[in-house]
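Chemist: What follows is upload-v3.txt, compact mmCIF, C-alpha atoms.
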```txt
# COMPACT_ATOMS: atom_id res chain seq x y z
CA MET T 24 137.01 187.19 88.70
CA GLN T 25 138.75 190.07 86.94
CA MET T 26 136.50 192.34 84.90
CA SER T 27 138.81 191.90 81.93
CA ASN T 28 138.34 188.13 81.79
CA PRO T 29 135.54 186.71 79.64
CA ILE T 30 133.02 184.58 81.54
CA ARG T 31 133.49 180.96 80.45
CA ILE T 32 130.28 179.03 79.95
CA GLY T 33 129.53 175.31 79.61
CA VAL T 34 126.24 174.23 78.02
CA ILE T 35 124.48 171.15 79.43
CA GLY T 36 121.93 169.97 76.89
CA ALA T 37 122.66 170.57 73.21
CA GLY T 38 119.08 170.31 71.92
CA ASN T 39 116.84 173.10 70.61
CA ILE T 40 117.00 175.41 73.62
CA GLY T 41 120.69 174.77 74.27
CA ASN T 42 121.34 175.68 70.66
CA VAL T 43 119.45 178.97 71.12
CA HIS T 44 121.60 179.87 74.14
CA ILE T 45 124.83 179.04 72.28
CA GLN T 46 123.82 181.22 69.33
CA THR T 47 122.80 184.09 71.64
CA PHE T 48 125.96 184.15 73.75
CA GLN T 49 128.08 183.97 70.60
CA LYS T 50 126.48 187.22 69.43
CA LEU T 51 127.99 189.00 72.45
CA PRO T 52 131.63 190.21 72.43
CA SER T 53 134.19 187.44 73.06
CA GLU T 54 135.88 189.70 75.61
CA GLU T 55 132.70 189.34 77.71
CA VAL T 56 131.75 185.68 77.28
CA VAL T 57 132.92 182.49 75.58
CA ILE T 58 131.26 179.09 75.25
CA THR T 59 134.06 176.71 76.22
CA ALA T 60 132.28 173.36 76.62
CA VAL T 61 129.15 171.43 75.70
CA THR T 62 127.61 168.10 76.66
CA ASP T 63 124.45 166.15 75.90
CA SER T 64 123.04 162.77 76.90
CA TYR T 65 123.23 162.02 73.15
CA LEU T 66 126.95 162.58 72.60
CA PRO T 67 126.84 162.90 68.77
CA LEU T 68 124.61 165.96 69.14
CA ALA T 69 127.08 167.60 71.53
CA GLN T 70 129.90 166.78 69.11
CA GLN T 71 127.89 168.32 66.28
CA ARG T 72 127.36 171.57 68.23
CA ALA T 73 131.04 171.71 69.20
CA ALA T 74 132.08 171.41 65.56
CA GLN T 75 129.36 173.79 64.36
CA TYR T 76 130.22 176.60 66.78
CA GLY T 77 133.92 176.03 67.40
CA ILE T 78 133.42 175.01 71.04
CA PRO T 79 136.78 173.62 72.26
CA LYS T 80 135.57 171.01 74.77
CA CYS T 81 132.93 168.31 74.35
CA TYR T 82 132.18 166.21 77.42
CA GLU T 83 130.43 162.83 77.58
CA THR T 84 128.59 163.70 80.79
CA ALA T 85 127.29 166.68 82.76
CA ASP T 86 129.40 165.48 85.70
CA GLN T 87 132.58 165.91 83.67
CA LEU T 88 131.58 169.38 82.46
CA ILE T 89 130.65 170.57 85.96
CA ALA T 90 133.99 169.26 87.28
CA ASP T 91 135.90 171.47 84.80
CA LEU T 92 137.55 174.13 86.98
CA GLU T 93 137.94 176.50 84.02
CA ILE T 94 134.17 176.86 83.60
CA ASP T 95 132.59 179.81 85.47
CA ALA T 96 128.93 179.23 84.63
CA VAL T 97 126.64 176.61 83.10
CA VAL T 98 123.51 176.78 80.98
CA ILE T 99 121.10 173.94 81.81
CA GLY T 100 118.74 173.06 78.96
CA VAL T 101 117.70 169.47 79.67
CA PRO T 102 114.34 167.74 80.30
CA ASN T 103 112.53 169.15 83.34
CA GLN T 104 113.12 166.22 85.70
CA TYR T 105 116.89 166.82 85.58
CA HIS T 106 116.75 170.57 86.30
CA ALA T 107 117.02 170.32 90.10
CA PRO T 108 119.70 167.63 90.43
CA ILE T 109 122.00 169.22 87.83
CA ALA T 110 121.43 172.78 89.11
CA VAL T 111 122.15 171.75 92.72
CA GLN T 112 125.29 169.89 91.63
CA ALA T 113 126.51 172.87 89.60
CA LEU T 114 125.88 175.36 92.43
CA GLN T 115 127.66 173.12 94.92
CA ALA T 116 130.60 172.98 92.51
CA GLY T 117 130.79 176.78 92.55
CA LYS T 118 129.25 177.45 89.16
CA HIS T 119 126.82 180.22 88.28
CA VAL T 120 123.69 178.77 86.67
CA LEU T 121 121.34 179.81 83.87
CA LEU T 122 118.53 177.28 84.36
CA GLU T 123 115.79 176.82 81.79
CA LYS T 124 112.18 177.10 82.88
CA PRO T 125 110.40 175.65 84.72
CA MET T 126 112.97 175.85 87.51
CA ALA T 127 111.86 172.43 88.79
CA ILE T 128 109.09 169.89 88.24
CA ASN T 129 107.57 170.50 91.68
CA VAL T 130 107.90 172.46 94.93
CA PRO T 131 110.18 170.03 96.81
CA SER T 132 112.69 170.10 93.93
CA ALA T 133 112.41 173.91 93.71
CA LYS T 134 113.19 174.19 97.45
CA GLU T 135 116.38 172.15 96.93
CA ILE T 136 117.54 174.64 94.30
CA VAL T 137 116.72 177.69 96.46
CA LYS T 138 118.67 176.23 99.39
CA ALA T 139 121.64 175.31 97.19
CA GLN T 140 121.71 178.79 95.66
CA LYS T 141 121.64 180.49 99.07
CA ALA T 142 124.40 178.22 100.40
CA SER T 143 126.60 178.77 97.34
CA GLY T 144 126.13 182.52 96.95
CA LYS T 145 126.31 181.99 93.21
CA VAL T 146 124.01 183.52 90.59
CA LEU T 147 121.03 181.41 89.56
CA MET T 148 118.80 182.88 86.88
CA ILE T 149 115.73 181.52 85.09
CA PRO T 150 115.80 182.78 81.47
CA HIS T 151 112.19 183.92 81.02
CA GLN T 152 112.80 185.68 77.70
CA MET T 153 109.30 187.16 77.38
CA ARG T 154 109.83 189.78 80.09
CA TRP T 155 112.95 190.94 78.22
CA GLU T 156 111.06 191.67 74.99
CA TRP T 157 110.71 195.35 74.13
CA LEU T 158 106.91 195.43 74.33
CA PRO T 159 106.60 194.28 77.98
CA LEU T 160 109.52 196.58 78.87
CA GLN T 161 107.62 199.57 77.40
CA ILE T 162 104.53 198.65 79.40
CA LYS T 163 106.53 198.07 82.60
CA ARG T 164 107.93 201.58 82.27
CA GLN T 165 104.38 202.95 82.23
CA VAL T 166 103.43 200.77 85.21
CA ASP T 167 106.45 202.05 87.16
CA GLN T 168 105.53 205.66 86.32
CA GLY T 169 102.03 205.09 87.73
CA ALA T 170 100.20 205.44 84.40
CA LEU T 171 98.02 202.41 85.16
CA GLY T 172 97.41 203.27 88.79
CA GLN T 173 96.69 200.21 90.97
CA ILE T 174 96.55 197.02 88.88
CA TYR T 175 93.66 195.15 90.48
CA ASN T 176 93.04 192.43 87.88
CA ALA T 177 95.02 190.78 85.11
CA LYS T 178 94.26 188.11 82.55
CA VAL T 179 97.04 186.21 80.79
CA GLY T 180 97.21 183.14 78.62
CA TRP T 181 98.41 181.25 75.61
CA MET T 182 95.75 179.18 73.85
CA ARG T 183 97.41 177.09 71.17
CA ARG T 184 94.93 175.57 68.71
CA LYS T 185 97.01 172.51 67.76
CA GLY T 186 100.41 172.33 69.40
CA ILE T 187 101.06 169.26 71.56
CA PRO T 188 104.88 168.88 71.52
CA GLY T 189 106.68 165.55 71.20
CA TRP T 190 103.71 163.30 71.95
CA GLY T 191 104.88 160.25 73.91
CA THR T 192 108.28 161.78 74.80
CA TRP T 193 109.27 163.40 78.12
CA PHE T 194 107.10 166.40 77.22
CA THR T 195 103.91 164.37 77.80
CA LYS T 196 105.04 162.20 80.74
CA ARG T 197 104.15 163.76 84.10
CA ASP T 198 106.99 162.11 86.02
CA GLU T 199 109.54 163.61 83.58
CA SER T 200 107.99 167.00 82.70
CA GLY T 201 105.91 167.83 85.77
CA GLY T 202 102.88 168.56 83.60
CA GLY T 203 101.61 169.79 80.24
CA PRO T 204 100.99 173.32 78.90
CA LEU T 205 100.59 174.71 82.43
CA ILE T 206 104.23 174.03 83.33
CA ASP T 207 105.49 174.38 79.73
CA ILE T 208 104.04 177.71 78.55
CA GLY T 209 101.92 178.74 81.55
CA VAL T 210 105.11 179.36 83.51
CA HIS T 211 106.09 182.03 80.94
CA MET T 212 102.76 183.80 81.34
CA LEU T 213 102.95 183.67 85.14
CA ASP T 214 106.41 185.23 85.08
CA LEU T 215 105.29 187.95 82.65
CA ALA T 216 102.19 188.73 84.72
CA PHE T 217 104.05 189.06 88.03
CA PHE T 218 106.71 191.21 86.34
CA LEU T 219 104.12 193.62 84.95
CA MET T 220 101.99 193.61 88.15
CA ASN T 221 105.06 194.55 90.27
CA ASN T 222 105.30 191.18 91.99
CA PRO T 223 102.28 191.02 94.29
CA LYS T 224 102.42 188.08 96.74
CA PRO T 225 100.07 185.24 95.67
CA VAL T 226 98.17 183.64 98.56
CA SER T 227 95.63 181.23 97.04
CA VAL T 228 94.79 179.40 93.84
CA TYR T 229 91.68 177.81 92.33
CA GLY T 230 92.16 175.91 89.08
CA SER T 231 91.25 173.05 86.77
CA THR T 232 93.14 171.01 84.18
CA TYR T 233 91.80 168.90 81.31
CA ALA T 234 93.12 166.28 78.88
CA GLU T 235 90.74 166.01 75.92
CA PHE T 236 93.18 165.83 72.98
CA GLY T 237 96.39 164.11 74.05
CA PRO T 238 94.88 160.78 75.15
CA LYS T 239 93.23 160.53 71.70
CA LYS T 240 96.51 161.43 69.94
CA ARG T 241 94.92 164.57 68.51
CA GLY T 242 96.08 168.19 68.58
CA ILE T 243 99.65 167.25 67.64
CA GLY T 244 102.03 170.16 66.99
CA THR T 245 105.31 170.47 65.09
CA TRP T 246 107.75 170.75 68.07
CA GLY T 247 109.63 167.54 68.84
CA THR T 248 109.41 164.08 67.30
CA PRO T 249 106.46 161.97 68.50
CA ASP T 250 107.00 158.55 70.09
CA TRP T 251 103.74 156.75 69.42
CA ASN T 252 104.82 153.95 71.77
CA GLY T 253 105.15 156.50 74.59
CA ARG T 254 102.41 157.90 76.79
CA PHE T 255 100.39 161.06 77.47
CA ASP T 256 99.44 161.53 81.13
CA VAL T 257 99.51 165.34 81.42
CA GLU T 258 96.88 168.02 80.78
CA ASP T 259 96.35 169.75 77.44
CA LEU T 260 94.42 172.72 78.90
CA ALA T 261 94.55 174.52 82.24
CA THR T 262 92.67 177.44 83.75
CA ALA T 263 93.18 179.13 87.12
CA LEU T 264 92.40 182.15 89.29
CA ILE T 265 95.20 183.38 91.56
CA LYS T 266 94.43 185.74 94.45
CA MET T 267 97.06 188.10 95.86
CA GLU T 268 97.74 189.41 99.35
CA ASP T 269 96.90 192.96 98.19
CA GLY T 270 93.47 191.86 96.91
CA SER T 271 94.36 191.81 93.20
CA THR T 272 93.61 188.80 91.01
CA LEU T 273 95.23 187.04 88.08
CA SER T 274 93.48 184.63 85.74
CA LEU T 275 95.52 182.21 83.63
CA GLU T 276 94.44 180.15 80.62
CA VAL T 277 96.78 177.93 78.61
CA SER T 278 96.38 175.09 76.14
CA TRP T 279 98.42 172.95 73.80
CA ALA T 280 95.27 172.07 71.85
CA VAL T 281 91.73 173.41 71.94
CA HIS T 282 88.63 173.79 69.75
CA MET T 283 88.62 177.59 69.87
CA ASP T 284 88.86 180.60 67.59
CA THR T 285 92.42 181.54 68.52
CA ASP T 286 95.48 182.84 66.71
CA SER T 287 97.64 180.76 69.11
CA ALA T 288 99.45 183.92 70.28
CA HIS T 289 100.14 184.68 73.95
CA PHE T 290 98.14 187.50 75.54
CA VAL T 291 98.24 189.81 78.55
CA HIS T 292 95.52 192.17 79.78
CA LEU T 293 96.32 194.47 82.72
CA MET T 294 93.41 196.31 84.35
CA GLY T 295 94.41 199.29 86.47
CA SER T 296 92.54 202.03 88.28
CA GLU T 297 93.95 204.74 85.96
CA GLY T 298 94.68 202.78 82.78
CA GLY T 299 95.19 199.39 81.22
CA ALA T 300 97.54 197.57 78.89
CA SER T 301 97.18 194.68 76.48
CA ILE T 302 99.62 192.46 74.61
CA ARG T 303 98.77 189.98 71.89
CA GLY T 304 101.80 188.36 70.27
CA ASN T 305 104.17 191.20 69.32
CA GLN T 306 101.54 193.95 69.36
CA GLY T 307 100.38 195.97 72.33
CA LYS T 308 98.20 198.85 73.52
CA LEU T 309 97.94 201.25 76.42
CA LEU T 310 94.35 202.12 77.31
CA THR T 311 92.77 204.87 79.41
CA GLU T 312 89.91 207.35 79.46
CA GLN T 313 90.23 211.09 78.83
CA PHE T 314 87.52 213.75 78.38
CA ASP T 315 84.92 211.04 79.02
CA ARG T 316 86.16 209.03 76.01
CA PRO T 317 88.18 205.79 75.74
CA VAL T 318 91.75 206.39 74.51
CA GLU T 319 94.16 203.84 73.05
CA VAL T 320 97.85 204.11 72.18
CA SER T 321 99.31 201.37 70.00
CA LEU T 322 102.73 199.91 70.81
CA SER T 323 104.99 197.70 68.76
CA THR T 324 108.54 196.38 68.89
CA PRO T 325 111.13 198.72 67.27
CA GLU T 326 112.49 197.48 63.93
CA LYS T 327 116.13 197.39 65.00
CA ASP T 328 115.52 195.83 68.41
CA GLU T 329 118.35 193.50 69.46
CA GLY T 330 115.88 191.07 71.02
CA GLY T 331 114.90 189.81 74.44
CA ARG T 332 117.32 186.91 74.50
CA ILE T 333 120.32 189.20 74.03
CA ARG T 334 119.09 191.38 76.90
CA LEU T 335 118.53 188.45 79.25
CA SER T 336 121.93 186.93 78.40
CA ARG T 337 123.62 190.25 79.08
CA HIS T 338 121.75 190.53 82.38
CA PHE T 339 123.05 187.09 83.42
CA LEU T 340 126.62 188.18 82.73
CA GLU T 341 126.13 191.49 84.57
CA CYS T 342 124.80 189.66 87.63
CA ILE T 343 127.89 187.43 87.66
CA ARG T 344 130.29 190.36 87.27
CA ASP T 345 128.53 192.66 89.74
CA GLY T 346 127.45 190.01 92.25
CA LYS T 347 123.79 191.04 92.10
CA GLU T 348 120.58 189.01 92.17
CA PRO T 349 118.94 188.39 88.78
CA ASP T 350 115.49 189.82 88.06
CA THR T 351 114.36 186.20 87.55
CA SER T 352 116.02 184.73 90.62
CA ALA T 353 115.62 181.35 92.32
CA LEU T 354 112.82 182.89 94.41
CA THR T 355 110.80 183.82 91.30
CA GLY T 356 111.25 180.25 90.07
CA PHE T 357 110.05 178.94 93.43
CA THR T 358 106.99 181.24 93.27
CA ASN T 359 106.06 179.83 89.87
CA ASN T 360 106.46 176.23 91.08
CA LEU T 361 104.35 177.01 94.15
CA ILE T 362 101.50 178.28 91.95
CA LEU T 363 101.80 175.45 89.41
CA ASP T 364 101.66 172.76 92.11
CA ALA T 365 98.67 174.51 93.69
CA ILE T 366 96.77 174.58 90.38
CA TYR T 367 97.34 170.85 89.88
CA GLU T 368 96.27 170.16 93.49
CA SER T 369 93.18 172.35 93.14
CA SER T 370 92.21 170.49 89.98
CA ARG T 371 92.60 167.14 91.77
CA THR T 372 90.65 168.16 94.88
CA GLY T 373 88.14 170.62 93.46
CA HIS T 374 89.04 173.10 96.21
CA GLU T 375 90.90 176.37 96.60
CA VAL T 376 94.53 175.86 97.69
CA LYS T 377 96.27 178.24 100.12
CA LEU T 378 99.95 178.72 99.28
CA ASP T 379 102.57 177.56 101.76
CA TRP T 380 105.60 179.87 101.55
CA SER T 381 107.78 177.98 104.01
CA LEU T 382 111.20 177.07 102.67
```
If you took the structure in this file and wrote it as structure tokens, what would it be?
Modeler:
Amino acid sequence: MQMSNPIRIGVIGAGNIGNVHIQTFQKLPSEEVVITAVTDSYLPLAQQRAAQYGIPKCYETADQLIADLEIDAVVIGVPNQYHAPIAVQALQAGKHVLLEKPMAINVPSAKEIVKAQKASGKVLMIPHQMRWEWLPLQIKRQVDQGALGQIYNAKVGWMRRKGIPGWGTWFTKRDESGGGPLIDIGVHMLDLAFFLMNNPKPVSVYGSTYAEFGPKKRGIGTWGTPDWNGRFDVEDLATALIKMEDGSTLSLEVSWAVHMDTDSAHFVHLMGSEGGASIRGNQGKLLTEQFDRPVEVSLSTPEKDEGGRIRLSRHFLECIRDGKEPDTSALTGFTNNLILDAIYESSRTGHEVKLDWSL
């Protein structure tokens, strides 16, 4: 591809997240990227997006969009169960792929994607937008400079008070979503934690999941339209301890609904030998001790920040143009799926689960 040509993108899935990606890419210069096609399983929605954003092509199916030889890359924003089959198909067709999280609904599906990406040599990126926000980037800079020393323990989570999405829809059906808040928002916190901890290798997991709200049709949030004739067979709270090869530990807590004094914001606490860092929502702190006294430095996102989604979208385009591996590659997606599956297995068995890294 010539550097002067804009990268042509097709969007598969015109719902909420697909809409976000369309809006974000359209904020970038048209000499760099253009959205040329869109499709959705509900065709009128795809037609609406095409008209709304001036997208020239609207396809009835993902197959038709992927077959378009003029499309360089695809954004996949569909229900979780379709991530692997569509991503594999797109990679095999020679497309670069921006694949919404979680990469797959389980480890076997994640392995299929990793193998397809390796065979194709194309870029596959998981758009974990949280690591691209200014606050984590500030903290990561301090981590890289050694300000925290050795990070030996971290605690991350996202405890929503009342936020079950789309009760009865694919969100709450295990065979379609892969799970509840653990795979929905827990995957964001895992990615953020490993990014800030400098990617230690996880070796074992001990965890538990619970469903105390969903089966009673309580704890309903505002995301998605409920289908009261549907079903809820996923968790609404998960907790886990992840042990790393270097001896460090990571604890994870997530919920869609819980009886707890919480502001429903995500949080990160890094505990290092020389200093620490904390994030709650869009506020953060660096912490250390000097002259025998605790010291804190407050951090916040700059007022004129362009936003994490712009940065991640630009990174995707750079990886395509320069032929480099994305920061959130297929392997990072596989790592997350490995941990998620292990937490579910640990909850079922009541035992610690050793991670199997074989591909």
Chemist: Counting all atoms listed in the file, figure out which residue out of T:Val34, T:Ala73, T:Met148, T:Leu158 gets nearest to Ile302 in chain T.
Modeler: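 With all atoms listed in the file as the atom set, the closest residue is T:Leu158.
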Chemist: Could you tell me how far CA of Val291 in chain T sits from CA of His151 in chain T, in Å to one decimal place?
Modeler: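 Here the two named atoms are 15.3 Å from each other.
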Chemist: So which residues touch range 197-212 of chain T within 9 Å, counting all atoms listed in the file, skipping near sequence neighbours fewer than 3 positions away, as a PyMOL selection string?
Modeler: chain T and resi 102-105+124-125+127-129+151-154+179-181+187+193-194+215-217+232+255-262+275-279+289-291+359-360+363+366-367
Chemist: Go ahead and write the residues just picked, C-alpha atoms, as a CSV table (one decimal), keeping the file's coordinate frame.
Modeler:
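This went into again_33.csv:
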```
chain,number,residue,atom,x,y,z
T,102,PRO,CA,114.3,167.7,80.3
T,103,ASN,CA,112.5,169.2,83.3
T,104,GLN,CA,113.1,166.2,85.7
T,105,TYR,CA,116.9,166.8,85.6
T,124,LYS,CA,112.2,177.1,82.9
T,125,PRO,CA,110.4,175.6,84.7
T,127,ALA,CA,111.9,172.4,88.8
T,128,ILE,CA,109.1,169.9,88.2
T,129,ASN,CA,107.6,170.5,91.7
T,151,HIS,CA,112.2,183.9,81.0
T,152,GLN,CA,112.8,185.7,77.7
T,153,MET,CA,109.3,187.2,77.4
T,154,ARG,CA,109.8,189.8,80.1
T,179,VAL,CA,97.0,186.2,80.8
T,180,GLY,CA,97.2,183.1,78.6
T,181,TRP,CA,98.4,181.2,75.6
T,187,ILE,CA,101.1,169.3,71.6
T,193,TRP,CA,109.3,163.4,78.1
T,194,PHE,CA,107.1,166.4,77.2
T,215,LEU,CA,105.3,188.0,82.6
T,216,ALA,CA,102.2,188.7,84.7
T,217,PHE,CA,104.0,189.1,88.0
T,232,THR,CA,93.1,171.0,84.2
T,255,PHE,CA,100.4,161.1,77.5
T,256,ASP,CA,99.4,161.5,81.1
T,257,VAL,CA,99.5,165.3,81.4
T,258,GLU,CA,96.9,168.0,80.8
T,259,ASP,CA,96.4,169.8,77.4
T,260,LEU,CA,94.4,172.7,78.9
T,261,ALA,CA,94.6,174.5,82.2
T,262,THR,CA,92.7,177.4,83.8
T,275,LEU,CA,95.5,182.2,83.6
T,276,GLU,CA,94.4,180.2,80.6
T,277,VAL,CA,96.8,177.9,78.6
T,278,SER,CA,96.4,175.1,76.1
T,279,TRP,CA,98.4,173.0,73.8
T,289,HIS,CA,100.1,184.7,74.0
T,290,PHE,CA,98.1,187.5,75.5
T,291,VAL,CA,98.2,189.8,78.6
T,359,ASN,CA,106.1,179.8,89.9
T,360,ASN,CA,106.5,176.2,91.1
T,363,LEU,CA,101.8,175.4,89.4
T,366,ILE,CA,96.8,174.6,90.4
T,367,TYR,CA,97.3,170.8,89.9
```
Chemist: Skipping near chain neighbours, those fewer than 6 positions away, what residues fall within 10 Å of Gly191 in chain T using only C-alpha atoms, listed as an MDAnalysis selection string?
Modeler: chainID T and resid 237 240 248:256
Chemist: Pick the closest to Gly307 in chain T from T:Asp284, T:Asp167, T:Glu329, T:Glu156: which is it, counting only C-alpha atoms?
Modeler: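 Among T:Asp284, T:Asp167, T:Glu329, T:Glu156, it is T:Glu156 that comes nearest to Gly307 in chain T.
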Chemist: Could you state the separation of CA of Asn176 in chain T and CA of Leu219 in chain T in Å, given to one decimal place?
Modeler: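 We find that CA of Asn176 in chain T and CA of Leu219 in chain T lie 11.5 Å from each other.
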Chemist: Name the closest residue to Arg164 in chain T among the candidates T:Val146, T:Leu122, T:Val137, T:Ala300; distances are taken between atoms, counting only C-alpha atoms.
Modeler: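 Going through T:Val146, T:Leu122, T:Val137, T:Ala300 one by one, the smallest distance to Arg164 in chain T is for T:Ala300.
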Chemist: Using only C-alpha atoms, which of the listed residues (T:Pro150, T:Gly330, T:Gly356, T:Gly36) sits closest to Ile109 in chain T?
Modeler: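 Using only C-alpha atoms, the shortest distance to Ile109 in chain T belongs to T:Gly36.
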Chemist: Taking 3 positions as the minimum chain separation for residues in the same chain, which residues sit within 10 Å of Leu114 in chain T when counting all atoms listed in the file? Answer as a ChimeraX atom specification.
Modeler: /T:89,96-97,109-111,117-120,136,139-147
Chemist: Save the residues we just selected, C-alpha atoms, as a compact mmCIF listing (two decimals), in the frame of the given file?
Modeler:
```
# COMPACT_ATOMS: atom_id res chain seq x y z
CA ILE T 89 130.65 170.57 85.96
CA ALA T 96 128.93 179.23 84.63
CA VAL T 97 126.64 176.61 83.10
CA ILE T 109 122.00 169.22 87.83
CA ALA T 110 121.43 172.78 89.11
CA VAL T 111 122.15 171.75 92.72
CA GLY T 117 130.79 176.78 92.55
CA LYS T 118 129.25 177.45 89.16
CA HIS T 119 126.82 180.22 88.28
CA VAL T 120 123.69 178.77 86.67
CA ILE T 136 117.54 174.64 94.30
CA ALA T 139 121.64 175.31 97.19
CA GLN T 140 121.71 178.79 95.66
CA LYS T 141 121.64 180.49 99.07
CA ALA T 142 124.40 178.22 100.40
CA SER T 143 126.60 178.77 97.34
CA GLY T 144 126.13 182.52 96.95
CA LYS T 145 126.31 181.99 93.21
CA VAL T 146 124.01 183.52 90.59
CA LEU T 147 121.03 181.41 89.56
```
Chemist: Hey, can you check how far CA of Met294 in chain T sits from CA of Ala365 in chain T?
Modeler: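 These atoms are spaced 24.3 Å apart.
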Chemist: Fewer than 5 positions away in the same chain doesn't count, so skip those; otherwise give me all residues within 9 Å of range 47-54 of chain T, counting only C-alpha atoms, as a tab-separated table (two decimals) with C-alpha atoms, keeping the file's coordinate frame.
Modeler:
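Dumped everything to result_31.tsv:
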```
chain	number	residue	atom	x	y	z
T	27	SER	CA	138.81	191.90	81.93
T	28	ASN	CA	138.34	188.13	81.79
T	29	PRO	CA	135.54	186.71	79.64
T	30	ILE	CA	133.02	184.58	81.54
T	42	ASN	CA	121.34	175.68	70.66
T	76	TYR	CA	130.22	176.60	66.78
T	332	ARG	CA	117.32	186.91	74.50
T	333	ILE	CA	120.32	189.20	74.03
T	336	SER	CA	121.93	186.93	78.40
T	337	ARG	CA	123.62	190.25	79.08
```
Chemist: Write out as a list of chain:residue names the residues lying within 8 Å of Ala116 in chain T, counting all atoms listed in the file and excluding same-chain residues fewer than 3 positions away.
Modeler: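 The neighbour list is T:Ile89, T:Ala90, T:Gln112, T:Ala113.
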Chemist: Ranking T:Asp214, T:Met220, T:Glu55, T:Gly41 by minimum distance to Ile343 in chain T and counting only C-alpha atoms, which one comes first?
Modeler: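 For Ile343 in chain T, the nearest of the candidates is T:Glu55.
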Chemist: Hey, which of T:Ser301, T:Gln165, T:Ser227, T:Ser381 ends up closest to Ile265 in chain T? Count all atoms listed in the file.
Modeler: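 Looking at the shortest contact to Ile265 in chain T, the residue is T:Ser227.
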Chemist: Starting from the incomplete input, reconstruct N, CA, C and O atoms of range 158-170 of chain T and report them as a JSON list (two decimals), in the coordinates of the input.
Modeler:
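Output saved as result.json:
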```
[["chain", "number", "residue", "atom", "x", "y", "z"],
["T", 158, "LEU", "N", 108.30, 195.05, 74.06],
["T", 158, "LEU", "CA", 106.91, 195.43, 74.33],
["T", 158, "LEU", "C", 106.57, 195.38, 75.83],
["T", 158, "LEU", "O", 106.10, 196.39, 76.39],
["T", 159, "PRO", "N", 106.83, 194.28, 76.53],
["T", 159, "PRO", "CA", 106.60, 194.28, 77.98],
["T", 159, "PRO", "C", 107.44, 195.33, 78.70],
["T", 159, "PRO", "O", 106.98, 195.92, 79.69],
["T", 160, "LEU", "N", 108.67, 195.57, 78.22],
["T", 160, "LEU", "CA", 109.52, 196.58, 78.87],
["T", 160, "LEU", "C", 108.91, 197.98, 78.74],
["T", 160, "LEU", "O", 108.98, 198.79, 79.67],
["T", 161, "GLN", "N", 108.30, 198.28, 77.58],
["T", 161, "GLN", "CA", 107.62, 199.57, 77.40],
["T", 161, "GLN", "C", 106.46, 199.70, 78.38],
["T", 161, "GLN", "O", 106.26, 200.75, 79.01],
["T", 162, "ILE", "N", 105.68, 198.63, 78.51],
["T", 162, "ILE", "CA", 104.53, 198.65, 79.40],
["T", 162, "ILE", "C", 104.97, 198.75, 80.86],
["T", 162, "ILE", "O", 104.39, 199.51, 81.65],
["T", 163, "LYS", "N", 106.03, 198.03, 81.21],
["T", 163, "LYS", "CA", 106.53, 198.07, 82.60],
["T", 163, "LYS", "C", 106.97, 199.48, 82.96],
["T", 163, "LYS", "O", 106.78, 199.93, 84.10],
["T", 164, "ARG", "N", 107.53, 200.20, 82.02],
["T", 164, "ARG", "CA", 107.93, 201.58, 82.27],
["T", 164, "ARG", "C", 106.72, 202.43, 82.64],
["T", 164, "ARG", "O", 106.77, 203.26, 83.55],
["T", 165, "GLN", "N", 105.61, 202.22, 81.93],
["T", 165, "GLN", "CA", 104.38, 202.95, 82.23],
["T", 165, "GLN", "C", 103.81, 202.56, 83.59],
["T", 165, "GLN", "O", 103.32, 203.40, 84.35],
["T", 166, "VAL", "N", 103.88, 201.25, 83.89],
["T", 166, "VAL", "CA", 103.43, 200.77, 85.21],
["T", 166, "VAL", "C", 104.24, 201.45, 86.32],
["T", 166, "VAL", "O", 103.68, 201.94, 87.30],
["T", 167, "ASP", "N", 105.56, 201.47, 86.14],
["T", 167, "ASP", "CA", 106.45, 202.05, 87.16],
["T", 167, "ASP", "C", 106.23, 203.55, 87.33],
["T", 167, "ASP", "O", 106.46, 204.10, 88.41],
["T", 168, "GLN", "N", 105.79, 204.21, 86.25],
["T", 168, "GLN", "CA", 105.53, 205.66, 86.32],
["T", 168, "GLN", "C", 104.13, 205.96, 86.87],
["T", 168, "GLN", "O", 103.76, 207.12, 87.02],
["T", 169, "GLY", "N", 103.35, 204.90, 87.15],
["T", 169, "GLY", "CA", 102.03, 205.09, 87.73],
["T", 169, "GLY", "C", 100.92, 205.33, 86.74],
["T", 169, "GLY", "O", 99.80, 205.69, 87.13],
["T", 170, "ALA", "N", 101.20, 205.15, 85.44],
["T", 170, "ALA", "CA", 100.20, 205.44, 84.40],
["T", 170, "ALA", "C", 98.97, 204.53, 84.50],
["T", 170, "ALA", "O", 97.88, 204.92, 84.08]]
```
